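Text of run14.cif, listed as mmCIF, C-alpha atoms and all ligand atoms:
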```cif
data_structure
loop_
_atom_site.label_atom_id
_atom_site.label_comp_id
_atom_site.auth_asym_id
_atom_site.auth_seq_id
_atom_site.Cartn_x
_atom_site.Cartn_y
_atom_site.Cartn_z
CA MET A 33 -33.92 23.24 -1.84
CA ASP A 34 -32.89 19.86 -3.16
CA PHE A 35 -32.69 19.66 -6.95
CA GLU A 36 -31.41 16.07 -7.01
CA ILE A 37 -33.62 13.68 -9.00
CA PRO A 38 -34.35 10.55 -6.87
CA GLU A 39 -32.56 7.33 -7.91
CA ASN A 40 -35.74 5.47 -8.97
CA LEU A 41 -36.71 8.32 -11.31
CA LYS A 42 -33.19 8.49 -12.74
CA MET A 43 -33.50 4.79 -13.61
CA MET A 44 -36.89 5.43 -15.22
CA GLN A 45 -35.37 8.29 -17.26
CA GLU A 46 -32.59 5.98 -18.40
CA THR A 47 -35.08 3.27 -19.44
CA ILE A 48 -37.08 5.74 -21.52
CA ARG A 49 -33.90 7.18 -23.08
CA ARG A 50 -32.94 3.65 -24.21
CA PHE A 51 -36.45 2.95 -25.52
CA VAL A 52 -36.42 6.20 -27.50
CA LYS A 53 -32.98 5.50 -28.97
CA GLN A 54 -33.40 1.80 -29.74
CA ASP A 55 -37.09 1.46 -30.63
CA LEU A 56 -38.78 4.79 -31.33
CA GLU A 57 -36.27 7.00 -33.12
CA PRO A 58 -35.51 4.40 -35.85
CA ILE A 59 -39.18 4.20 -36.86
CA SER A 60 -40.14 7.83 -36.29
CA ARG A 61 -40.02 8.69 -39.99
CA LYS A 62 -42.00 5.62 -41.05
CA VAL A 63 -44.66 6.43 -38.46
CA GLU A 64 -44.80 9.99 -39.78
CA GLU A 65 -45.25 8.78 -43.36
CA GLU A 66 -47.79 6.06 -42.55
CA ASP A 67 -49.64 8.06 -39.86
CA ASN A 68 -49.69 4.94 -37.71
CA ILE A 69 -47.75 3.46 -34.78
CA PRO A 70 -47.00 -0.28 -35.30
CA GLU A 71 -48.68 -2.62 -32.81
CA GLU A 72 -45.37 -4.12 -31.67
CA ILE A 73 -44.29 -0.68 -30.43
CA VAL A 74 -47.58 -0.26 -28.55
CA GLN A 75 -46.94 -3.68 -27.01
CA LYS A 76 -43.48 -2.55 -25.84
CA MET A 77 -45.10 0.53 -24.31
CA ARG A 78 -47.45 -1.77 -22.39
CA GLU A 79 -44.52 -3.88 -21.17
CA LEU A 80 -42.74 -0.76 -19.90
CA GLY A 81 -45.85 0.27 -17.99
CA LEU A 82 -46.18 3.48 -19.98
CA PHE A 83 -49.98 3.41 -20.03
CA GLY A 84 -50.16 3.57 -16.25
CA LEU A 85 -47.51 6.10 -15.30
CA SER A 86 -49.74 8.09 -12.99
CA ILE A 87 -52.21 5.39 -12.01
CA PRO A 88 -51.54 4.14 -8.43
CA ASP A 89 -49.86 0.73 -8.08
CA GLU A 90 -52.93 -0.71 -6.34
CA TYR A 91 -54.60 -0.50 -9.80
CA GLY A 92 -51.57 -1.85 -11.64
CA GLY A 93 -49.96 1.45 -12.57
CA LEU A 94 -46.46 2.74 -11.81
CA GLY A 95 -47.86 5.27 -9.34
CA LEU A 96 -45.52 8.08 -10.36
CA GLY A 97 -46.15 11.55 -9.03
CA THR A 98 -46.49 14.54 -11.33
CA PHE A 99 -42.75 15.19 -11.25
CA GLY A 100 -41.96 11.58 -12.25
CA GLU A 101 -44.52 11.68 -15.04
CA CYS A 102 -43.04 14.94 -16.30
CA LEU A 103 -39.56 13.38 -16.41
CA VAL A 104 -40.86 10.46 -18.48
CA TYR A 105 -42.65 12.77 -20.92
CA GLU A 106 -39.59 14.98 -21.21
CA GLU A 107 -37.58 11.99 -22.45
CA LEU A 108 -40.35 10.57 -24.63
CA THR A 109 -40.94 13.82 -26.51
CA LYS A 110 -37.34 13.97 -27.71
CA THR A 111 -38.60 11.83 -30.58
CA ASN A 112 -41.83 11.95 -32.61
CA ALA A 113 -44.58 13.49 -30.44
CA CYS A 114 -47.14 10.90 -31.52
CA PHE A 115 -45.63 8.25 -29.23
CA ARG A 116 -46.39 10.37 -26.17
CA SER A 117 -49.81 11.11 -27.54
CA ARG A 118 -50.57 7.38 -27.82
CA ILE A 119 -50.15 6.96 -24.05
CA GLY A 120 -51.07 10.51 -23.03
CA THR A 121 -54.85 10.18 -22.91
CA SER A 122 -54.68 6.95 -20.89
CA ASN A 123 -52.33 8.47 -18.33
CA GLY A 124 -53.94 11.86 -18.22
CA ILE A 125 -57.23 13.26 -19.43
CA GLY A 126 -58.85 9.88 -20.17
CA SER A 127 -58.28 8.27 -16.77
CA MET A 128 -57.75 11.04 -14.24
CA GLY A 129 -61.46 11.87 -13.91
CA ILE A 130 -62.06 8.28 -12.79
CA LEU A 131 -59.06 8.38 -10.45
CA PHE A 132 -59.93 11.74 -8.87
CA ASP A 133 -63.72 11.48 -8.65
CA GLY A 134 -64.74 7.91 -9.57
CA THR A 135 -66.47 5.43 -7.26
CA LYS A 136 -64.53 2.51 -5.80
CA GLU A 137 -66.21 0.18 -8.31
CA GLN A 138 -65.36 2.43 -11.26
CA LYS A 139 -61.70 2.63 -10.21
CA GLN A 140 -61.52 -1.13 -9.79
CA LYS A 141 -63.20 -1.82 -13.11
CA TYR A 142 -61.44 0.67 -15.37
CA LEU A 143 -58.06 1.72 -13.96
CA PRO A 144 -56.31 -1.72 -14.13
CA ARG A 145 -57.38 -2.16 -17.76
CA ILE A 146 -56.18 1.34 -18.66
CA ALA A 147 -52.91 1.04 -16.68
CA SER A 148 -51.99 -2.23 -18.42
CA GLY A 149 -52.66 -0.69 -21.83
CA GLN A 150 -55.28 -3.36 -22.52
CA TRP A 151 -57.78 -0.50 -22.91
CA THR A 152 -57.03 2.94 -24.32
CA ALA A 153 -58.87 5.83 -22.69
CA CYS A 154 -59.82 9.18 -24.21
CA PHE A 155 -61.40 12.40 -22.97
CA ALA A 156 -64.32 13.98 -24.79
CA LEU A 157 -65.07 17.57 -23.84
CA SER A 158 -64.54 19.77 -26.94
CA GLU A 159 -67.36 20.40 -29.40
CA PRO A 160 -67.81 22.66 -32.42
CA GLU A 161 -69.49 25.31 -30.22
CA ALA A 162 -67.46 24.66 -27.08
CA GLY A 163 -63.68 24.91 -27.21
CA SER A 164 -62.18 27.44 -24.81
CA ASP A 165 -65.72 28.11 -23.59
CA ALA A 166 -66.02 24.52 -22.40
CA ALA A 167 -69.14 25.17 -20.30
CA ASN A 168 -71.07 25.86 -23.51
CA ILE A 169 -71.27 22.15 -24.44
CA GLN A 170 -74.36 21.17 -26.40
CA THR A 171 -74.13 17.39 -25.91
CA THR A 172 -77.03 16.49 -23.65
CA ALA A 173 -77.58 13.64 -21.20
CA GLU A 174 -81.24 13.22 -20.31
CA ARG A 175 -82.30 11.04 -17.42
CA ASP A 176 -84.52 8.09 -18.27
CA GLY A 177 -84.98 5.90 -15.19
CA ASP A 178 -81.73 4.13 -14.42
CA TYR A 179 -80.11 5.50 -17.60
CA PHE A 180 -78.96 8.74 -19.16
CA VAL A 181 -79.53 9.18 -22.89
CA LEU A 182 -76.63 11.00 -24.56
CA ASN A 183 -76.99 12.98 -27.80
CA GLY A 184 -74.41 15.21 -29.44
CA LEU A 185 -71.14 15.56 -31.27
CA LYS A 186 -67.63 15.86 -29.83
CA HIS A 187 -64.71 16.82 -32.05
CA PHE A 188 -60.89 16.89 -32.00
CA ILE A 189 -60.77 13.91 -29.61
CA THR A 190 -57.24 12.47 -29.33
CA ASN A 191 -57.28 8.66 -29.71
CA GLY A 192 -61.07 8.89 -30.16
CA ASP A 193 -61.02 6.36 -33.00
CA ILE A 194 -59.10 3.71 -31.03
CA ALA A 195 -60.36 4.31 -27.49
CA ASP A 196 -62.04 1.48 -25.61
CA VAL A 197 -63.41 3.83 -22.98
CA ALA A 198 -64.13 7.55 -22.93
CA THR A 199 -64.61 10.13 -20.22
CA VAL A 200 -67.49 12.12 -21.69
CA ILE A 201 -68.63 15.52 -20.47
CA ALA A 202 -72.31 16.27 -21.18
CA ALA A 203 -74.98 18.75 -20.10
CA THR A 204 -77.56 17.31 -17.70
CA ASP A 205 -79.12 20.73 -17.07
CA LYS A 206 -78.34 23.30 -19.76
CA ALA A 207 -79.63 26.25 -17.74
CA LYS A 208 -77.23 25.59 -14.88
CA LYS A 209 -74.20 25.09 -17.16
CA ALA A 210 -70.93 24.83 -15.15
CA ARG A 211 -72.78 25.45 -11.87
CA GLY A 212 -74.25 22.01 -11.44
CA GLY A 213 -75.53 21.41 -14.97
CA ILE A 214 -72.65 19.36 -16.39
CA THR A 215 -71.92 15.69 -15.67
CA ALA A 216 -68.97 13.39 -16.46
CA PHE A 217 -69.67 9.84 -17.70
CA VAL A 218 -67.59 6.78 -18.47
CA VAL A 219 -68.75 5.41 -21.81
CA GLU A 220 -67.45 2.12 -23.16
CA LYS A 221 -66.79 1.37 -26.81
CA ASN A 222 -69.57 -0.71 -28.36
CA THR A 223 -72.24 1.02 -26.29
CA PRO A 224 -75.10 1.29 -28.81
CA GLY A 225 -75.38 4.83 -30.19
CA PHE A 226 -71.71 5.69 -29.49
CA TYR A 227 -69.25 5.70 -32.35
CA ALA A 228 -66.25 7.51 -33.79
CA GLY A 229 -66.85 9.83 -36.76
CA THR A 230 -64.41 11.53 -39.10
CA ILE A 231 -60.69 11.36 -38.36
CA GLU A 232 -59.44 14.95 -38.67
CA ARG A 233 -56.59 15.88 -41.06
CA LYS A 234 -54.04 17.85 -39.05
CA MET A 235 -50.99 20.10 -39.54
CA GLY A 236 -48.82 17.71 -37.55
CA LEU A 237 -48.80 15.01 -34.90
CA ARG A 238 -49.05 12.35 -37.56
CA GLY A 239 -49.26 8.89 -36.04
CA SER A 240 -51.73 10.18 -33.47
CA HIS A 241 -55.36 10.29 -34.54
CA THR A 242 -57.90 12.89 -33.57
CA SER A 243 -61.52 12.17 -34.34
CA GLU A 244 -65.14 13.07 -33.82
CA LEU A 245 -67.22 11.11 -31.35
CA ILE A 246 -70.93 10.81 -32.01
CA PHE A 247 -73.67 10.12 -29.47
CA ASP A 248 -77.00 9.18 -30.97
CA GLN A 249 -79.58 8.10 -28.39
CA CYS A 250 -76.71 6.48 -26.51
CA ARG A 251 -78.00 4.90 -23.28
CA VAL A 252 -75.51 4.98 -20.42
CA PRO A 253 -76.40 3.51 -17.00
CA VAL A 254 -76.53 5.92 -14.05
CA GLU A 255 -73.75 3.86 -12.43
CA ASN A 256 -71.45 5.20 -15.19
CA VAL A 257 -71.71 8.77 -13.91
CA ILE A 258 -68.18 9.44 -12.65
CA GLY A 259 -68.56 9.35 -8.88
CA GLY A 260 -72.10 7.90 -9.16
CA GLU A 261 -75.43 9.53 -8.30
CA PRO A 262 -74.00 12.10 -5.80
CA LYS A 263 -71.70 13.52 -8.51
CA ILE A 264 -74.45 14.28 -11.04
CA GLY A 265 -73.88 17.93 -11.97
CA ASN A 266 -70.25 17.84 -10.82
CA GLY A 267 -68.76 17.13 -14.26
CA PHE A 268 -67.33 20.56 -14.97
CA LYS A 269 -65.31 20.39 -11.78
CA THR A 270 -64.11 16.90 -12.73
CA ALA A 271 -63.07 18.12 -16.19
CA MET A 272 -61.21 21.14 -14.84
CA GLY A 273 -59.38 18.99 -12.26
CA VAL A 274 -58.21 16.71 -15.05
CA LEU A 275 -57.01 19.61 -17.20
CA ASP A 276 -55.24 21.23 -14.27
CA LYS A 277 -52.83 18.32 -13.94
CA GLY A 278 -52.48 18.01 -17.72
CA ARG A 279 -51.03 21.51 -17.92
CA LEU A 280 -47.85 20.40 -16.20
CA THR A 281 -47.37 17.26 -18.30
CA MET A 282 -48.00 19.31 -21.44
CA GLY A 283 -45.21 21.66 -20.32
CA ALA A 284 -42.92 18.64 -19.98
CA CYS A 285 -43.68 17.55 -23.55
CA ALA A 286 -42.73 20.98 -24.87
CA LEU A 287 -39.58 20.98 -22.76
CA GLY A 288 -38.37 17.58 -24.05
CA ALA A 289 -38.86 18.61 -27.67
CA ALA A 290 -37.06 21.94 -27.09
CA GLN A 291 -34.11 20.17 -25.46
CA LYS A 292 -33.84 17.80 -28.43
CA LEU A 293 -33.95 20.70 -30.88
CA LEU A 294 -31.15 22.47 -29.01
CA GLU A 295 -28.99 19.32 -29.17
CA LEU A 296 -29.67 18.97 -32.91
CA CYS A 297 -28.79 22.63 -33.46
CA ILE A 298 -25.53 22.43 -31.51
CA GLY A 299 -24.48 19.38 -33.55
CA TYR A 300 -25.48 20.88 -36.90
CA SER A 301 -23.94 24.29 -36.28
CA LYS A 302 -20.59 22.69 -35.44
CA GLU A 303 -20.63 20.64 -38.66
CA ARG A 304 -22.12 23.02 -41.22
CA VAL A 305 -19.36 25.07 -42.81
CA GLN A 306 -19.98 28.40 -44.56
CA PHE A 307 -17.45 31.13 -45.34
CA GLY A 308 -14.76 28.60 -44.43
CA LYS A 309 -15.84 27.99 -40.83
CA PRO A 310 -18.52 26.15 -38.89
CA ILE A 311 -21.63 28.33 -38.55
CA ALA A 312 -21.36 27.85 -34.74
CA ARG A 313 -18.50 30.36 -34.91
CA PHE A 314 -20.82 33.15 -36.12
CA GLN A 315 -22.12 35.37 -33.37
CA SER A 316 -25.72 35.43 -34.66
CA ILE A 317 -25.87 31.62 -34.49
CA GLN A 318 -24.25 31.66 -31.03
CA ASN A 319 -26.86 34.18 -29.86
CA MET A 320 -29.66 31.92 -31.02
CA LEU A 321 -28.11 28.90 -29.26
CA ALA A 322 -27.64 30.95 -26.09
CA ASP A 323 -31.25 32.18 -26.16
CA MET A 324 -32.55 28.64 -26.72
CA ALA A 325 -30.50 27.23 -23.85
CA THR A 326 -31.51 30.05 -21.51
CA ASP A 327 -35.20 29.61 -22.37
CA ILE A 328 -34.96 25.87 -21.74
CA TYR A 329 -33.14 26.33 -18.44
CA GLY A 330 -35.80 28.74 -17.17
CA ALA A 331 -38.66 26.53 -18.35
CA ARG A 332 -37.19 23.45 -16.69
CA GLN A 333 -36.83 25.14 -13.28
CA MET A 334 -40.38 26.45 -13.46
CA LEU A 335 -41.87 23.12 -14.51
CA TYR A 336 -39.96 20.98 -12.02
CA HIS A 337 -40.81 23.33 -9.18
CA ALA A 338 -44.52 23.41 -10.02
CA ALA A 339 -44.67 19.61 -10.45
CA TRP A 340 -42.78 19.03 -7.21
CA THR A 341 -45.06 21.49 -5.37
CA ARG A 342 -48.11 19.62 -6.65
CA ASP A 343 -46.60 16.37 -5.39
CA GLN A 344 -46.41 17.98 -1.92
CA GLY A 345 -50.21 18.16 -2.05
CA LYS A 346 -50.31 21.91 -2.60
CA LYS A 347 -52.56 23.74 -5.06
CA VAL A 348 -50.75 24.84 -8.21
CA ILE A 349 -53.53 26.33 -10.35
CA LYS A 350 -51.57 29.47 -11.20
CA GLU A 351 -48.19 27.73 -11.37
CA ALA A 352 -49.50 24.94 -13.64
CA SER A 353 -50.91 27.51 -16.07
CA MET A 354 -47.66 29.49 -15.94
CA ALA A 355 -45.63 26.35 -16.65
CA LYS A 356 -47.85 25.33 -19.56
CA LEU A 357 -47.82 28.84 -21.00
CA PHE A 358 -44.09 29.39 -20.61
CA CYS A 359 -42.89 25.93 -21.69
CA THR A 360 -45.09 25.72 -24.80
CA GLU A 361 -44.36 29.28 -25.98
CA MET A 362 -40.69 28.76 -25.20
CA ALA A 363 -40.59 25.56 -27.28
CA CYS A 364 -42.11 27.35 -30.27
CA ARG A 365 -39.43 30.08 -30.01
CA VAL A 366 -36.80 27.33 -29.87
CA ALA A 367 -38.31 25.55 -32.88
CA ASP A 368 -38.35 28.78 -34.86
CA ASN A 369 -34.66 29.37 -34.12
CA ALA A 370 -33.92 25.73 -34.94
CA VAL A 371 -35.40 26.11 -38.44
CA GLN A 372 -33.31 29.25 -38.84
CA ILE A 373 -30.07 27.57 -37.76
CA PHE A 374 -30.68 24.65 -40.13
CA GLY A 375 -31.38 27.13 -42.95
CA GLY A 376 -32.95 25.47 -46.00
CA MET A 377 -32.43 22.06 -44.41
CA GLY A 378 -34.70 23.16 -41.57
CA TYR A 379 -37.52 23.45 -44.08
CA MET A 380 -36.98 19.98 -45.55
CA LYS A 381 -38.72 16.82 -44.48
CA ASP A 382 -35.36 14.98 -44.51
CA PHE A 383 -34.57 16.52 -41.09
CA PRO A 384 -36.72 16.23 -37.97
CA VAL A 385 -36.62 19.98 -37.27
CA GLU A 386 -39.48 20.61 -39.68
CA ARG A 387 -41.63 17.99 -37.90
CA PHE A 388 -40.90 19.41 -34.44
CA TYR A 389 -41.80 22.89 -35.71
CA ARG A 390 -45.26 21.69 -36.82
CA ASP A 391 -45.92 19.37 -33.88
CA LEU A 392 -44.96 21.92 -31.24
CA ARG A 393 -47.48 24.44 -32.55
CA LEU A 394 -50.27 22.30 -31.15
CA TYR A 395 -49.11 22.59 -27.55
CA ARG A 396 -50.11 26.27 -27.46
CA ILE A 397 -53.66 25.29 -28.43
CA TYR A 398 -54.88 22.12 -26.76
CA GLU A 399 -55.56 21.47 -23.10
CA GLY A 400 -56.20 25.22 -22.81
CA THR A 401 -54.82 27.79 -25.26
CA SER A 402 -52.11 30.28 -24.22
CA GLU A 403 -54.81 32.95 -23.95
CA ILE A 404 -56.83 30.79 -21.55
CA GLN A 405 -53.70 30.12 -19.44
CA ARG A 406 -53.15 33.89 -19.17
CA MET A 407 -56.79 34.29 -18.10
CA VAL A 408 -56.33 31.65 -15.37
CA ILE A 409 -53.10 33.27 -14.13
CA ALA A 410 -54.65 36.75 -14.07
CA ARG A 411 -57.77 35.45 -12.33
CA GLU A 412 -55.65 33.87 -9.62
CA LEU A 413 -53.59 37.05 -9.26
CA THR A 414 -56.56 39.36 -8.89
CA LYS A 415 -59.06 37.28 -6.92
CA ASP A 416 -60.04 38.47 -3.44
C1 LIG B 501 -54.87 17.89 -32.26
C2 LIG B 501 -55.88 18.25 -31.22
C3 LIG B 501 -56.21 17.33 -30.24
C4 LIG B 501 -57.18 17.62 -29.28
N1 LIG B 501 -57.53 16.67 -28.35
C5 LIG B 501 -58.60 16.89 -27.55
C6 LIG B 501 -59.12 15.86 -26.70
O1 LIG B 501 -58.56 14.75 -26.62
N2 LIG B 501 -60.24 16.11 -25.99
C7 LIG B 501 -60.88 17.31 -26.03
O2 LIG B 501 -61.91 17.46 -25.35
N3 LIG B 501 -60.41 18.32 -26.81
C8 LIG B 501 -59.31 18.14 -27.57
N4 LIG B 501 -58.84 19.14 -28.39
C9 LIG B 501 -59.54 20.41 -28.41
C10 LIG B 501 -58.75 21.55 -27.80
O3 LIG B 501 -58.71 21.42 -26.40
C11 LIG B 501 -59.37 22.88 -28.28
O4 LIG B 501 -59.02 22.99 -29.65
C12 LIG B 501 -58.88 24.07 -27.50
O5 LIG B 501 -59.39 24.04 -26.19
C13 LIG B 501 -59.30 25.40 -28.15
O6 LIG B 501 -60.64 25.39 -28.50
P1 LIG B 501 -61.08 25.80 -29.99
O7 LIG B 501 -60.26 25.02 -30.93
O8 LIG B 501 -62.56 25.69 -30.10
O9 LIG B 501 -60.66 27.32 -30.13
P2 LIG B 501 -61.50 28.59 -29.66
O10 LIG B 501 -61.96 28.40 -28.26
O11 LIG B 501 -62.53 28.90 -30.68
O12 LIG B 501 -60.40 29.71 -29.66
C14 LIG B 501 -60.02 30.45 -30.83
C15 LIG B 501 -59.08 31.56 -30.37
O13 LIG B 501 -59.78 32.46 -29.49
C16 LIG B 501 -59.08 32.56 -28.27
N5 LIG B 501 -60.03 32.75 -27.17
C17 LIG B 501 -61.15 32.03 -26.90
N6 LIG B 501 -61.75 32.49 -25.80
C18 LIG B 501 -60.99 33.53 -25.35
C19 LIG B 501 -61.07 34.42 -24.25
N7 LIG B 501 -62.06 34.36 -23.35
N8 LIG B 501 -60.12 35.37 -24.11
C20 LIG B 501 -59.10 35.47 -25.00
N9 LIG B 501 -58.97 34.65 -26.07
C21 LIG B 501 -59.90 33.69 -26.24
C22 LIG B 501 -58.31 31.27 -28.13
O14 LIG B 501 -57.24 31.37 -27.24
C23 LIG B 501 -57.89 31.05 -29.59
O15 LIG B 501 -56.77 31.83 -29.84
C24 LIG B 501 -57.82 18.88 -29.30
C25 LIG B 501 -57.47 19.83 -30.27
C26 LIG B 501 -56.51 19.53 -31.22
C27 LIG B 501 -56.16 20.58 -32.25
#
```
What is this structure when it is put down as C-alpha cells?
Ligand SMILES: Cc1cc2nc3c(=O)[nH]c(=O)nc-3n(C[C@H](O)[C@H](O)[C@H](O)COP(=O)(O)OP(=O)(O)OC[C@H]3O[C@@H](n4cnc5c(N)ncnc54)[C@H](O)[C@@H]3O)c2cc1C
Amino acid sequence: MDFEIPENLKMMQETIRRFVKQDLEPISRKVEEEDNIPEEIVQKMRELGLFGLSIPDEYGGLGLGTFGECLVYEELTKTNACFRSRIGTSNGIGSMGILFDGTKEQKQKYLPRIASGQWTACFALSEPEAGSDAANIQTTAERDGDYFVLNGLKHFITNGDIADVATVIAATDKAKKARGGITAFVVEKNTPGFYAGTIERKMGLRGSHTSELIFDQCRVPVENVIGGEPKIGNGFKTAMGVLDKGRLTMGACALGAAQKLLELCIGYSKERVQFGKPIARFQSIQNMLADMATDIYGARQMLYHAAWTRDQGKKVIKEASMAKLFCTEMACRVADNAVQIFGGMGYMKDFPVERFYRDLRLYRIYEGTSEIQRMVIARELTKD
C-alpha cells in the first residue's frame, strides 16, 4: 500500500489552499449575507480550471481521477460550501452523464464549454413525487417525429437558475419505469418551453441557488438523447452511474468541512479561558477533540481508498455508498461537537461554526439520503 499523494496532486492541493485563503475566505461572509458569489470569483474559478476537474483533457478539462477530484473538494470545502456547489454540478452530476454515455458529437459540443466554465451544467432528476424513489418521475417525454416533447416539473435543482445546459431525466414509457422507460436528455437554456421556476429558500448553502425547472411542451431533438437513439430508455442507468461517482466527491466535501471545524476547535479551545485555564485543558473538551480527530482519520482512509480503487477501474458501488454515509454522518457529529466546544459563540453568526453546522446537514440528504446509502450497502451485501 502506498499512501503517498502524487506530486502533481500535491501541487493542485497547494493551489486550492492558496485560492481558499486569499480569495474565498475573505468574502465568505459577504457571500453568505448576499446569497451570491461575485462574478470575479467565478472568473478566477474558470482560470484555475475548476469547472473541468474531472473532464478529460481532450475536452479541455484537467482530467483528474476521482481521487484527485476528492482532494480538490476537500480543500475547497474548508471555506463556505457554496463555492464548491458552484462548480460541483458542472464537474459532476451535470456533465458526467454526457461523459459516460454521450455520443461523440455530444461530448465534443458540450464538454469543452462546461470544462472552461463558459457554460454551467445542472442535473434535473428530483421531482415533488420522486425523491429517493427516483424511478417514480412524472416528467414525460413523448416522441413526435424527430423530437421529444417534455412536460413536467423538477424541483431542488442545484444551479438550476443559472445553468446553460441541463441533464434532464424524463419518462419515455411510464409503464416500464426504470426498466427501459426512462431517458436522459441534454436540454439547452433558451429552448422554448424550458425555464427556471421558483428559487427555493433553504436552511443553509447560501450563495448556491436551488430552483425548480419547468418543462411546458418543450421540444427537444432526438439527437439530444444522451447517447442518441440507441440509448432511449437507458436514462435511469445513466442517472445512477452519475450519482455513483458523486457519492465519493460528496464524502470529500464533508471531510474537508470536518477537518476545518477540528482546526477551528483546537485553536479556540487553546485560547478560550474559563476557571482560570484554557478549555482545552478540560478532559470533556479533550474527549470531544479526540473523537472528532478519530472520526476524521477513519473517514479519510475510507474515502481515499474507495476513490483510489475506483481510479483502478474497479466497481465501488458498496464502498462509494459507505464513504458517503460515513463521511457525511461523521461531519455532522463533528459539527455538533464544534458548536458545543464554541459554547454560545458556536450559536452566533459571527463565527463560521454555525454556518458549517447548517450547511453540513444537507450532505446527509442530497445525492442519496443516508437511508438510501444503507439500502445500497445492504443490497450489495446480500445479493446472490
Ligand atoms: C439543497 C438541495 C439541492 C439538491 N440538488 C439537486 C439537484 O441538483 N438535482 C436533483 O435531481 N436533485 C437535487 N436535490 C434533491 C435531493 O437529491 C433529494 O432531496 C433527495 O434525493 C431526497 O429526496 P426527497 O427530498 O424527496 O426525500 P424523500 O425521498 O421523500 O425522503 C424522506 C425521508 O424518507 C426516507 N426514505 C425514503 N425512501 C426510503 C426507503 N426506501 N427506505 C428508508 N427510508 C426511506 C429518506 O431517507 C428521508 O429520510 C437537492 C436537494 C436539496 C435539499
(request) May I have the protein, DNA and RNA residues with an atom at most 12 Å from (-22.8, 24.2, -37.8), counting all atoms listed in the file in the file's coordinates, returned as a ChimeraX atom specification? (result) /A:295-314,317-318,321,370,372-375,377
I need the residues from that last selection saved to file as a CSV table (one decimal), in the frame of the given file (with C-alpha atoms), if you can.
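For reference, result.csv as written:
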```
chain,number,residue,atom,x,y,z
A,295,GLU,CA,-29.0,19.3,-29.2
A,296,LEU,CA,-29.7,19.0,-32.9
A,297,CYS,CA,-28.8,22.6,-33.5
A,298,ILE,CA,-25.5,22.4,-31.5
A,299,GLY,CA,-24.5,19.4,-33.6
A,300,TYR,CA,-25.5,20.9,-36.9
A,301,SER,CA,-23.9,24.3,-36.3
A,302,LYS,CA,-20.6,22.7,-35.4
A,303,GLU,CA,-20.6,20.6,-38.7
A,304,ARG,CA,-22.1,23.0,-41.2
A,305,VAL,CA,-19.4,25.1,-42.8
A,306,GLN,CA,-20.0,28.4,-44.6
A,307,PHE,CA,-17.4,31.1,-45.3
A,308,GLY,CA,-14.8,28.6,-44.4
A,309,LYS,CA,-15.8,28.0,-40.8
A,310,PRO,CA,-18.5,26.2,-38.9
A,311,ILE,CA,-21.6,28.3,-38.6
A,312,ALA,CA,-21.4,27.8,-34.7
A,313,ARG,CA,-18.5,30.4,-34.9
A,314,PHE,CA,-20.8,33.2,-36.1
A,317,ILE,CA,-25.9,31.6,-34.5
A,318,GLN,CA,-24.2,31.7,-31.0
A,321,LEU,CA,-28.1,28.9,-29.3
A,370,ALA,CA,-33.9,25.7,-34.9
A,372,GLN,CA,-33.3,29.2,-38.8
A,373,ILE,CA,-30.1,27.6,-37.8
A,374,PHE,CA,-30.7,24.6,-40.1
A,375,GLY,CA,-31.4,27.1,-43.0
A,377,MET,CA,-32.4,22.1,-44.4
```
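Distance-wise, CA of Glu137 in chain A and CA of Phe247 in chain A end up 24.5 Å apart.
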(request) Residues up to 8 Å from ligand LIG 501 (chain B), counting all atoms listed in the file: could you list those as a VMD selection string? (result) chain A and resid 121 125 154 to 166 186 to 192 234 237 241 to 242 394 397 to 404 407
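Take the candidates A:Asp34, A:Asp67, A:Glu106, A:Glu39 and check each one against Gly239 in chain A using all atoms listed in the file; the shortest distance goes to A:Asp67.
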(message) Which residues are near Asp391 in chain A? Cut-off 7 Å, all atoms listed in the file, ignore same chain within fewer than 2 positions. Put them as a ChimeraX atom specification.
(response) /A:113,236-237,387-389,393-394
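With all atoms listed in the file as the atoms that count, the residue of A:Leu108, A:Met354, A:Ala284, A:Ala207 with the shortest distance to Arg49 in chain A is A:Leu108.
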(message) Between A:Ala338, A:Ala210, A:Cys114, A:Ile201, which residue has the minimum interatomic distance to Ser240 in chain A, considering only C-alpha atoms?
(response) A:Cys114
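Here CA of Ile328 in chain A is placed at a distance of 21.9 Å from CA of Phe115 in chain A.
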(message) At a cut-off of 8 Å, using only C-alpha atoms, what residues contact Val63 in chain A? Leave out same-chain residues fewer than 5 positions from it and give the result as a PyMOL selection string.
(response) chain A and resi 68-70+238-239
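When all atoms listed in the file are used to compute distances to Ala352 in chain A, the closest of the residues A:Val197, A:Leu335, A:Met324, A:Ile214 turns out to be A:Leu335.
Non-sequential neighbours of range 409-416 of chain A (distance at most 12 Å, separation of 3 or more positions within a chain, only C-alpha atoms) are Lys347, Val348, Ile349, Lys350, Glu351, Ala352, Ser353, Met354, Ala355, Lys356, Leu357, Phe358, Ser402, Glu403, Ile404, Gln405 and Arg406 of chain A.
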How would the residues just chosen look if you wrote them out with C-alpha atoms as a compact mmCIF listing (two decimals), keeping the file's coordinate frame?
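Now in again_20.txt:
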```txt
# COMPACT_ATOMS: atom_id res chain seq x y z
CA LYS A 347 -52.56 23.74 -5.06
CA VAL A 348 -50.75 24.84 -8.21
CA ILE A 349 -53.53 26.33 -10.35
CA LYS A 350 -51.57 29.47 -11.20
CA GLU A 351 -48.19 27.73 -11.37
CA ALA A 352 -49.50 24.94 -13.64
CA SER A 353 -50.91 27.51 -16.07
CA MET A 354 -47.66 29.49 -15.94
CA ALA A 355 -45.63 26.35 -16.65
CA LYS A 356 -47.85 25.33 -19.56
CA LEU A 357 -47.82 28.84 -21.00
CA PHE A 358 -44.09 29.39 -20.61
CA SER A 402 -52.11 30.28 -24.22
CA GLU A 403 -54.81 32.95 -23.95
CA ILE A 404 -56.83 30.79 -21.55
CA GLN A 405 -53.70 30.12 -19.44
CA ARG A 406 -53.15 33.89 -19.17
```
Name the residues in contact with Lys53 in chain A at a cut-off of 9 Å, using all atoms listed in the file, excluding same-chain residues fewer than 5 positions from it; report them as a PDB file with C-alpha atoms, in the coordinates of the input.
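As written to disk, part-v2.pdb reads:
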```
ATOM      1  CA  ILE A  48     -37.080   5.740 -21.520  1.00  0.00           C
ATOM      2  CA  PRO A  58     -35.510   4.400 -35.850  1.00  0.00           C
ATOM      3  CA  THR A 111     -38.600  11.830 -30.580  1.00  0.00           C
TER       4      THR A 111
END
```
